[in-house]
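Visitor: Sharing a structure with you now.
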Amino acid sequence: MGAVEALEKLAPVVLAFGCGVLLARRGAVPAAASQVFADYAFLFAVPCFLFGSIYRSDLGALFDWRAFTGYAAAALAAAALTGTLVRTFGVRDPRGIALRVMAAVQVNTAYFAVPVFIMLFGDAAPIFPVLLFQVCVLSLIILSVMELGSAERTGSRARRLGGAVYASLVTPVVLACNAGILLNLLPLHLPGVVLDSFDFVGASASPVALFALGLHLGGTGLDVRGTTREELGLIAFKCLAFPLLTYAVCHHLFGVDGVRLDQLVLIAAMPAPQNLFIFAQRYRVGADMAAALVVKSSVAALLLLPLWTQFLSRTP
């Protein structure tokens, strides 16, 4: 995909995101409404889209073991490297280290990757294996560290950990993906009217999610001058180093190439997840930094997308 074609495909992304920023800045739509739009996208529209996409997908091609294993290896290597670096630079609290690892390695799938993939590839199903890996492996590790390192929460550590893991596994996005896989494997054919209904709602996922993100940014603003060196380092690692590491590991060690390699690199180039701020608030660790990283990495990822598409078009 050339730079011009990529920019053309990203035009709707910029329109939805930019209008959200503009309307919030002018006060035409309250910035606080971003939560309502985001909830609609996360709890309803994105699950509908993913369910329909996965139900129709070729699961054998979707779960390419080389691609999945390569991405997992790159993510775990990036997590270990990030943890080592932040500890070297003075962070000693295990929860603080876990939060920074999450910012550097986990990606914003539902609110950012899904709409971008719809625009670039017309399909967001390739995101699903990464989503499962994040929920079942990365988030589980982060939650374990957060729960076991928190002395303020009530109940036994085992119960707190179990509750946190259960809550992450029963989110609408994960349930929709698992339902899509189950019905895909069963000899059961859903009526066309049912699939059309999911498609109708799912079609709104991309613009609504991006509009919500724009509203949030327009309301909170972007204090570039107040960006710390640590924030710059984490954003650079998330939006530049991690995608390059993913490319090197997946291509050179696992032999992944073509469109699948492009998709894995672009997934890695997505910004830090909004759950980063939710986790930070819940466990009372680095909430201000987490909020800044979510917003600033989103802007950086959006600006870098055309460069990544151009880079991938020139690599074998």
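Identifiers for the structure tokens are assigned positionally: chains receive A, B, ... in sequence, residues are indexed from 1 per chain, and ligands are indexed from 1 in the order shown.
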Counting only C-alpha atoms, give me one row per residue of region 174-215 of chain A with an atom at most 12 Å from an atom of region 261-279 of chain A, showing the shortest contact pair and its distance in Å to one decimal, sorted by chain then residue number, as a tab-separated table.
Guide:
residue	atom	partner	partner_atom	distance
A:Ala209	CA	A:Gln274	CA	11.9
A:Ala212	CA	A:Gln274	CA	11.9
A:Leu213	CA	A:Gln274	CA	9.9
Visitor: If we count only C-alpha atoms, what is near Leu15 (chain A) at a cut-off of 10 Å, once residues fewer than 3 positions away on the same chain are taken out, given as a short mmCIF file (atom, residue, chain, number, x, y, z; two decimals) with C-alpha atoms, in the first residue's frame?
Guide:
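Output (out_20.cif):
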data_model
loop_
_atom_site.label_atom_id
_atom_site.label_comp_id
_atom_site.auth_asym_id
_atom_site.auth_seq_id
_atom_site.Cartn_x
_atom_site.Cartn_y
_atom_site.Cartn_z
CA LEU A 10 -7.12 7.20 6.53
CA ALA A 11 -9.17 10.23 5.49
CA PRO A 12 -12.36 8.91 7.20
CA GLY A 18 -10.98 15.58 13.93
CA CYS A 19 -14.67 16.43 14.10
CA GLY A 20 -14.79 15.06 17.64
CA VAL A 21 -11.89 17.33 18.63
CA PRO A 207 -16.76 6.26 13.35
CA LEU A 210 -12.96 7.58 16.74
CA PHE A 211 -15.45 10.38 17.38
CA GLY A 214 -11.69 12.99 19.46
#
Visitor: Given the choices A:Ala176, A:Val130, A:Trp308, A:Met146, which gets closest to Phe63 (chain A) if the distance is worked out from only C-alpha atoms?
Guide: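 Among the listed residues, A:Val130 lies closest to Phe63 (chain A).
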Visitor: Using only C-alpha atoms, tabulate the residues of region 160-255 of chain A lying at most 8 Å from any atom of region 103-111 of chain A, each with its closest atom pair and that distance in Å to one decimal, by chain and increasing residue number, as a tab-separated table.
Guide:
residue	atom	partner	partner_atom	distance
A:Val173	CA	A:Ala110	CA	7.8
A:Ser206	CA	A:Tyr111	CA	7.8
A:Ala209	CA	A:Tyr111	CA	5.2
A:Leu210	CA	A:Tyr111	CA	6.7
A:Leu213	CA	A:Tyr111	CA	7.6
A:Leu234	CA	A:Ala104	CA	5.7
A:Ile235	CA	A:Ala104	CA	7.1
A:Phe237	CA	A:Ala104	CA	6.1
A:Lys238	CA	A:Ala104	CA	4.6
A:Phe242	CA	A:Val105	CA	7.1
Visitor: Just to confirm, what's the straight-line distance from CA of His251 (chain A) to CA of Leu312 (chain A) in Å (one decimal)?
Guide: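 Going from CA of His251 (chain A) over to CA of Leu312 (chain A) covers 11.8 Å.
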Visitor: Would you please work out which residue, of A:Leu99, A:Ala125, A:Cys136, A:Gly218, is nearest to Ala280 (chain A) when using only C-alpha atoms?
Guide: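 So, comparing all the options, the nearest one is A:Leu99.
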